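Data first, discussion second: the structure below is written as structure tokens.
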Amino acid sequence: MSAGTGSATSRIHVLGAGAVGLLFAAHLRQAGHPITLLLRSQSAVDRFERQGSRISVINDWVRVHPSRRLLLQPGEDITPCTIDGIQAEDIHTDNDQQGVISKLVVATKAQDTLQAFGRVRMRLGAQSTVVLLQNGMGVFEAIQREFYTQPDNVPAFI
């Protein structure tokens, strides 16, 4: 399944390409938003591009979940959903070359958030929106303490 071009909406950057980050990226792309994954290295970007710049979502938990009788018809199988047209960038690339991030979804492990966020924070401004998707408490407060001690140029956090 392929999403639309999403040209009428602004790009969403996703920091953290694990299970949660990729799932959110896939759903947002399927809804028509242009997506850029922010990956750990240029080799990860190259690997993603060699594999077609796509995300495949396989909902295999349905096979073992107790509610599978409600979700699948008898004899029905699970078909992977493939989402195309996703871009990727290396978070270590010079911030001036990459441009401003207007919408950022942070889906890193809580203990990795400050280091990863530090790599992209200069690309965020007062007009940016950051969505934090961590399992744990205190991530927002740690980001505020580490990076935004002054009220200038602070993005909106959700």
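Every chain in the structure tokens has a letter given in the order shown (A, B, ...), and although residue numbers restart at 1 in each chain, ligands are simply numbered from 1 in the order shown.
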
* Asked: Got a sec to tell me which of range 93-132 of chain A DSSP assigns to alpha helix (DSSP H), as an MDAnalysis selection string?
  -> chainID A and resid 95:98 113:120

* **For Pro151 in chain A: contacts at 12 Å, only C-alpha atoms, fewer than 6 positions along chain excluded, given as number ranges by chain** => A: 125-126, 144-145

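Checking A:Leu124, A:Ala110, A:Ile86, A:Ala116 one by one against Phe140 in chain A, counting only C-alpha atoms, you find the shortest gap at A:Ala110.
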
* Long-range neighbours of Asp46 in chain A as a list in words, 12 Å cut-off, only C-alpha atoms, 6 positions minimum in chain -> Leu39, Arg40, Gly52, Ser53, Gln87, Ala88, Glu89 and Asp90 of chain A

Atoms kept (all heavy atoms) for selection, written as a PDB file, in the first residue's frame:
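The resulting file, again33.pdb, is shown below:
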ATOM      1  N   LEU A  39      18.338   8.833  11.220  1.00  0.00           N
ATOM      2  CA  LEU A  39      19.044   7.603  11.558  1.00  0.00           C
ATOM      3  C   LEU A  39      20.413   7.891  12.157  1.00  0.00           C
ATOM      4  O   LEU A  39      20.950   8.988  12.017  1.00  0.00           O
ATOM      5  CB  LEU A  39      19.162   6.722  10.313  1.00  0.00           C
ATOM      6  CG  LEU A  39      17.820   6.362   9.657  1.00  0.00           C
ATOM      7  CD1 LEU A  39      18.039   5.518   8.410  1.00  0.00           C
ATOM      8  CD2 LEU A  39      16.907   5.635  10.644  1.00  0.00           C
ATOM      9  N   ARG A  40      20.998   6.880  12.801  1.00  0.00           N
ATOM     10  CA  ARG A  40      22.241   7.031  13.563  1.00  0.00           C
ATOM     11  C   ARG A  40      23.501   7.239  12.735  1.00  0.00           C
ATOM     12  O   ARG A  40      24.507   7.719  13.243  1.00  0.00           O
ATOM     13  CB  ARG A  40      22.475   5.795  14.430  1.00  0.00           C
ATOM     14  CG  ARG A  40      21.476   5.608  15.498  1.00  0.00           C
ATOM     15  CD  ARG A  40      21.803   4.370  16.282  1.00  0.00           C
ATOM     16  NE  ARG A  40      20.730   4.061  17.212  1.00  0.00           N
ATOM     17  CZ  ARG A  40      20.892   3.388  18.308  1.00  0.00           C
ATOM     18  NH1 ARG A  40      22.074   2.927  18.617  1.00  0.00           N
ATOM     19  NH2 ARG A  40      19.868   3.155  19.091  1.00  0.00           N
ATOM     20  N   GLY A  52      14.930   0.157  -0.503  1.00  0.00           N
ATOM     21  CA  GLY A  52      13.777   0.747  -1.165  1.00  0.00           C
ATOM     22  C   GLY A  52      13.111   1.905  -0.452  1.00  0.00           C
ATOM     23  O   GLY A  52      12.029   2.332  -0.852  1.00  0.00           O
ATOM     24  N   SER A  53      13.696   2.431   0.618  1.00  0.00           N
ATOM     25  CA  SER A  53      13.121   3.574   1.360  1.00  0.00           C
ATOM     26  C   SER A  53      11.670   3.317   1.744  1.00  0.00           C
ATOM     27  O   SER A  53      10.790   4.144   1.550  1.00  0.00           O
ATOM     28  CB  SER A  53      13.239   4.864   0.535  1.00  0.00           C
ATOM     29  OG  SER A  53      14.583   5.165   0.287  1.00  0.00           O
ATOM     30  N   GLN A  87      11.838   9.219   3.441  1.00  0.00           N
ATOM     31  CA  GLN A  87      13.216   9.679   3.322  1.00  0.00           C
ATOM     32  C   GLN A  87      13.971   9.377   4.607  1.00  0.00           C
ATOM     33  O   GLN A  87      13.368   9.112   5.643  1.00  0.00           O
ATOM     34  CB  GLN A  87      13.254  11.173   3.039  1.00  0.00           C
ATOM     35  CG  GLN A  87      12.671  11.546   1.704  1.00  0.00           C
ATOM     36  CD  GLN A  87      12.758  13.043   1.438  1.00  0.00           C
ATOM     37  OE1 GLN A  87      13.339  13.804   2.195  1.00  0.00           O
ATOM     38  NE2 GLN A  87      12.162  13.462   0.340  1.00  0.00           N
ATOM     39  N   ALA A  88      15.283   9.435   4.521  1.00  0.00           N
ATOM     40  CA  ALA A  88      16.125   9.215   5.701  1.00  0.00           C
ATOM     41  C   ALA A  88      17.304  10.173   5.667  1.00  0.00           C
ATOM     42  O   ALA A  88      17.786  10.539   4.591  1.00  0.00           O
ATOM     43  CB  ALA A  88      16.611   7.768   5.742  1.00  0.00           C
ATOM     44  N   GLU A  89      17.737  10.586   6.849  1.00  0.00           N
ATOM     45  CA  GLU A  89      18.904  11.457   7.007  1.00  0.00           C
ATOM     46  C   GLU A  89      19.761  10.925   8.146  1.00  0.00           C
ATOM     47  O   GLU A  89      19.241  10.353   9.099  1.00  0.00           O
ATOM     48  CB  GLU A  89      18.479  12.886   7.383  1.00  0.00           C
ATOM     49  CG  GLU A  89      17.691  13.631   6.364  1.00  0.00           C
ATOM     50  CD  GLU A  89      17.216  14.997   6.889  1.00  0.00           C
ATOM     51  OE1 GLU A  89      17.578  15.386   8.024  1.00  0.00           O
ATOM     52  OE2 GLU A  89      16.481  15.657   6.153  1.00  0.00           O
ATOM     53  N   ASP A  90      21.041  11.186   8.069  1.00  0.00           N
ATOM     54  CA  ASP A  90      21.985  10.889   9.143  1.00  0.00           C
ATOM     55  C   ASP A  90      21.930  12.035  10.157  1.00  0.00           C
ATOM     56  O   ASP A  90      22.104  13.191   9.783  1.00  0.00           O
ATOM     57  CB  ASP A  90      23.381  10.751   8.535  1.00  0.00           C
ATOM     58  CG  ASP A  90      24.477  10.502   9.552  1.00  0.00           C
ATOM     59  OD1 ASP A  90      24.193  10.427  10.767  1.00  0.00           O
ATOM     60  OD2 ASP A  90      25.645  10.386   9.125  1.00  0.00           O
TER      61      ASP A  90
END

* Provide the CA of Pro80 in chain A to CA of Phe48 in chain A distance in Å, to one decimal place. =>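 About the pair CA of Pro80 in chain A and CA of Phe48 in chain A: they are 17.9 Å apart.
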
* Asked: Got a sec: who's within 10 Å of Leu28 in chain A, counting only C-alpha atoms, leaving out chain neighbours fewer than 4 positions off, as a ChimeraX atom specification?
  -> /A:3,6,12,22-24,32-35,83

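Comparing the minimum interatomic distances between Leu37 in chain A and each of A:Ile58, A:Val139, A:Leu15, A:Cys81, counting only C-alpha atoms, we find that A:Leu15 sits nearest.
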
* To do: Have a look at A:Asp112, A:Ala107, A:Val120, A:Ile158 and name the one nearest to Gly21 in chain A; count only C-alpha atoms.
  => A:Ala107

* Select from chain A everything DSSP, run on the backbone, classes as strand (DSSP E or B), then give the selection as a VMD selection string. => chain A and resid 12 to 15 35 to 39 55 to 57 81 to 83 87 to 90 103 to 106 129 to 132 156 to 157

With a distance cut-off of 7 Å and only C-alpha atoms, select the neighbouring residues of Val106 in chain A, excluding the residue or stretch itself and same-chain residues fewer than 5 positions from it, and output the selection as a PDB file with C-alpha atoms, in the first residue's frame.
ATOM      1  CA  VAL A  14      11.039  10.781  13.281  1.00  0.00           C
ATOM      2  CA  LEU A  15      13.966  10.350  15.674  1.00  0.00           C
ATOM      3  CA  GLY A  16      14.247   6.713  16.726  1.00  0.00           C
ATOM      4  CA  VAL A 131       6.067  14.858  20.280  1.00  0.00           C
ATOM      5  CA  LEU A 132       7.766  12.706  22.939  1.00  0.00           C
ATOM      6  CA  LEU A 133       6.911   8.987  22.777  1.00  0.00           C
TER       7      LEU A 133
END
